[in-house]
Amino acid sequence: MLLGMICALASAVCFGTASVFQAVAARDTTAGTGSGVDARLLLRVLTQWRYLLGLALDGLGFLLELVALRRLPIYTVGAALAATLAVTAVVAAPVLGTRLKRAEWFAVTVVCGGLALLALSSGTEGHRAGTPALRIGVLVFAVAVLAAGALAGRLPGRARAAALGLGSGFGFGVVEVAVRLIDGFGPADLLTNPATYALLIGGAAAFLLLTSALQRGSVTTATAGMVIGETLGPAVVGVAWLGDRTREGLAPLTVAGFALAVAGALALARFGEAPAEQSDVPVAEPGPAAVVAERP
């Protein structure tokens, strides 16, 4: 239990720090097609060392997330991952020259308080393996997220940012659920389990949509959508189908902790991408040094 919580929080630190580097790289990459989802954008950002560093931190964070998901309920891990934005906000302050206002420091405190409540009240992970229908359903949903993301990229302005952010959150949520549906790690087990393919497709969709949202979308709407998508849906699946429970008599405390962590994360949504002028026009942004110089 304790190891799972430590891994979940360490994962949030990795993801939150990675997002700072990835956001700067995405903003500093020349826009391509007129669509909000440009698959070649991933190839272009891979030439940026900041994005590669972010990917390395993401890889470490993912391994820590796997450990956490095998030991904690999905709702606890999801709330911890929402705390990624609190980490991003704190890291962005010295690295990118941003300045946290008093209300934002309060939001960071709220996130930490919510996670503390979850640590006290959450039970162990559920022991239901998930039905074959659920595994297939998660795979179908992952494919739908990828297809819907391609369509969302053609939406205008704020609607596009919100849809891309929500889609990336759903993709990350698919990963959280799929990890719990993989009960064997032998080659034959992995290749015959639909959850394996759901994890790969959901993760790829999440990264593609998030990268597109970071480069083109409104920071607040995109990141808020991501937080909602990666927390609420997986939490419901964990409780309804995988047997996740709270400690005896502490369900209200768990609900309060989850709500506080997510609400605090949403209040910090503007830290989901690099500080830059918010614009829906897909143009190349100035380099990181120029971006920092323009901050108040």
# chains A, B, ... in the order shown; residues from 1 in each chain; ligands from 1

$ residues_around --residues "range 144-150 of chain A" --least-positions-apart "2" --cutoff "9 Å" --atoms "only C-alpha atoms" --output "ChimeraX atom specification"
/A:35-38,139-142,152-154,163-164,167-168,170-171,201-202,204-206,208-209

$ residues_around --residues "Leu60 in chain A" --least-positions-apart "6" --cutoff "9 Å" --atoms "only C-alpha atoms" --output "ChimeraX atom specification"
/A:11,14-15

$ select_by_dssp --residues "range 98-179 of chain A" --states "helix (DSSP H, G or I)" --output "PyMOL selection string"
chain A and resi 102-121+132-152+157-179

$ write_last_selection --atoms "C-alpha atoms" --output "PDB file, in the first residue's frame"
ATOM      1  CA  ARG A 102      -1.530  33.148  -4.029  1.00  0.00           C
ATOM      2  CA  ALA A 103      -4.641  31.353  -5.284  1.00  0.00           C
ATOM      3  CA  GLU A 104      -2.478  28.919  -7.256  1.00  0.00           C
ATOM      4  CA  TRP A 105      -0.314  28.119  -4.254  1.00  0.00           C
ATOM      5  CA  PHE A 106      -3.569  27.457  -2.433  1.00  0.00           C
ATOM      6  CA  ALA A 107      -4.604  25.097  -5.244  1.00  0.00           C
ATOM      7  CA  VAL A 108      -1.307  23.206  -4.860  1.00  0.00           C
ATOM      8  CA  THR A 109      -2.075  22.865  -1.149  1.00  0.00           C
ATOM      9  CA  VAL A 110      -5.579  21.616  -1.944  1.00  0.00           C
ATOM     10  CA  VAL A 111      -4.172  18.939  -4.260  1.00  0.00           C
ATOM     11  CA  CYS A 112      -1.760  17.780  -1.559  1.00  0.00           C
ATOM     12  CA  GLY A 113      -4.547  17.735   1.017  1.00  0.00           C
ATOM     13  CA  GLY A 114      -6.774  15.678  -1.277  1.00  0.00           C
ATOM     14  CA  LEU A 115      -4.007  13.157  -1.859  1.00  0.00           C
ATOM     15  CA  ALA A 116      -3.397  12.906   1.887  1.00  0.00           C
ATOM     16  CA  LEU A 117      -7.066  12.069   2.427  1.00  0.00           C
ATOM     17  CA  LEU A 118      -6.877   9.427  -0.295  1.00  0.00           C
ATOM     18  CA  ALA A 119      -3.776   7.916   1.249  1.00  0.00           C
ATOM     19  CA  LEU A 120      -5.615   7.569   4.558  1.00  0.00           C
ATOM     20  CA  SER A 121      -8.885   6.210   3.206  1.00  0.00           C
ATOM     21  CA  PRO A 132     -13.413 -10.735 -21.736  1.00  0.00           C
ATOM     22  CA  ALA A 133     -16.176  -8.321 -22.757  1.00  0.00           C
ATOM     23  CA  LEU A 134     -14.553  -5.535 -20.714  1.00  0.00           C
ATOM     24  CA  ARG A 135     -11.158  -6.178 -22.343  1.00  0.00           C
ATOM     25  CA  ILE A 136     -12.687  -6.003 -25.822  1.00  0.00           C
ATOM     26  CA  GLY A 137     -14.701  -2.953 -24.823  1.00  0.00           C
ATOM     27  CA  VAL A 138     -11.577  -1.112 -23.671  1.00  0.00           C
ATOM     28  CA  LEU A 139      -9.860  -1.923 -26.991  1.00  0.00           C
ATOM     29  CA  VAL A 140     -12.833  -0.653 -28.994  1.00  0.00           C
ATOM     30  CA  PHE A 141     -12.888   2.505 -26.877  1.00  0.00           C
ATOM     31  CA  ALA A 142      -9.166   3.076 -27.483  1.00  0.00           C
ATOM     32  CA  VAL A 143      -9.669   2.884 -31.254  1.00  0.00           C
ATOM     33  CA  ALA A 144     -12.659   5.227 -30.955  1.00  0.00           C
ATOM     34  CA  VAL A 145     -10.550   7.761 -29.033  1.00  0.00           C
ATOM     35  CA  LEU A 146      -7.942   7.774 -31.808  1.00  0.00           C
ATOM     36  CA  ALA A 147     -10.581   8.167 -34.534  1.00  0.00           C
ATOM     37  CA  ALA A 148     -12.505  10.848 -32.638  1.00  0.00           C
ATOM     38  CA  GLY A 149      -9.269  12.747 -32.018  1.00  0.00           C
ATOM     39  CA  ALA A 150      -8.618  13.000 -35.748  1.00  0.00           C
ATOM     40  CA  LEU A 151     -12.067  14.534 -36.194  1.00  0.00           C
ATOM     41  CA  ALA A 152     -11.641  16.807 -33.171  1.00  0.00           C
ATOM     42  CA  GLY A 157     -10.855  27.334 -31.544  1.00  0.00           C
ATOM     43  CA  ARG A 158     -11.783  26.447 -27.982  1.00  0.00           C
ATOM     44  CA  ALA A 159     -13.925  23.491 -29.009  1.00  0.00           C
ATOM     45  CA  ARG A 160     -10.856  21.920 -30.617  1.00  0.00           C
ATOM     46  CA  ALA A 161      -8.678  22.505 -27.551  1.00  0.00           C
ATOM     47  CA  ALA A 162     -11.268  21.037 -25.208  1.00  0.00           C
ATOM     48  CA  ALA A 163     -11.895  18.018 -27.444  1.00  0.00           C
ATOM     49  CA  LEU A 164      -8.178  17.283 -27.923  1.00  0.00           C
ATOM     50  CA  GLY A 165      -7.536  17.617 -24.198  1.00  0.00           C
ATOM     51  CA  LEU A 166     -10.478  15.413 -23.271  1.00  0.00           C
ATOM     52  CA  GLY A 167      -9.426  12.858 -25.891  1.00  0.00           C
ATOM     53  CA  SER A 168      -5.888  12.727 -24.519  1.00  0.00           C
ATOM     54  CA  GLY A 169      -7.327  12.223 -21.038  1.00  0.00           C
ATOM     55  CA  PHE A 170      -9.470   9.349 -22.276  1.00  0.00           C
ATOM     56  CA  GLY A 171      -6.365   7.833 -23.872  1.00  0.00           C
ATOM     57  CA  PHE A 172      -4.449   8.003 -20.605  1.00  0.00           C
ATOM     58  CA  GLY A 173      -7.511   6.579 -18.852  1.00  0.00           C
ATOM     59  CA  VAL A 174      -7.507   3.612 -21.235  1.00  0.00           C
ATOM     60  CA  VAL A 175      -3.905   2.943 -20.209  1.00  0.00           C
ATOM     61  CA  GLU A 176      -4.839   2.980 -16.514  1.00  0.00           C
ATOM     62  CA  VAL A 177      -7.667   0.488 -17.005  1.00  0.00           C
ATOM     63  CA  ALA A 178      -5.754  -1.717 -19.473  1.00  0.00           C
ATOM     64  CA  VAL A 179      -2.902  -2.211 -17.009  1.00  0.00           C
TER      65      VAL A 179
END

$ closest_residue --among "A:Phe207, A:Trp49, A:Phe185, A:Phe258" --to "Val77 in chain A" --atoms "only C-alpha atoms"
A:Phe258

$ residues_around --residues "range 62-69 of chain A" --least-positions-apart "5" --cutoff "6 Å" --atoms "only C-alpha atoms" --output "list of chain:residue names"
A:Gly4, A:Cys7, A:Ala8, A:Ser11

$ write_last_selection --atoms "all heavy atoms" --output "mmCIF file, in the first residue's frame"
data_model
loop_
_atom_site.group_PDB
_atom_site.id
_atom_site.type_symbol
_atom_site.label_atom_id
_atom_site.label_comp_id
_atom_site.auth_asym_id
_atom_site.auth_seq_id
_atom_site.Cartn_x
_atom_site.Cartn_y
_atom_site.Cartn_z
ATOM 1 N N GLY A 4 2.860 1.522 -3.158
ATOM 2 C CA GLY A 4 2.015 1.962 -4.254
ATOM 3 C C GLY A 4 1.812 3.466 -4.252
ATOM 4 O O GLY A 4 1.883 4.123 -5.301
ATOM 5 N N CYS A 7 5.015 5.230 -5.297
ATOM 6 C CA CYS A 7 5.206 5.121 -6.746
ATOM 7 C C CYS A 7 4.249 6.040 -7.505
ATOM 8 O O CYS A 7 4.632 6.651 -8.514
ATOM 9 C CB CYS A 7 5.002 3.678 -7.189
ATOM 10 S SG CYS A 7 6.353 2.576 -6.729
ATOM 11 N N ALA A 8 3.003 6.157 -7.033
ATOM 12 C CA ALA A 8 2.037 7.037 -7.690
ATOM 13 C C ALA A 8 2.489 8.489 -7.622
ATOM 14 O O ALA A 8 2.420 9.228 -8.618
ATOM 15 C CB ALA A 8 0.660 6.875 -7.052
ATOM 16 N N SER A 11 5.525 8.999 -9.796
ATOM 17 C CA SER A 11 5.092 9.042 -11.186
ATOM 18 C C SER A 11 4.576 10.426 -11.552
ATOM 19 O O SER A 11 4.885 10.962 -12.624
ATOM 20 C CB SER A 11 3.995 7.995 -11.414
ATOM 21 O OG SER A 11 3.503 8.051 -12.734
#

$ residues_around --residues "range 71-76 of chain A" --least-positions-apart "4" --cutoff "6 Å" --atoms "only C-alpha atoms" --output "list in words"
Gly4, Thr124, Glu125, Ala235, Gly238 and Asp244 of chain A
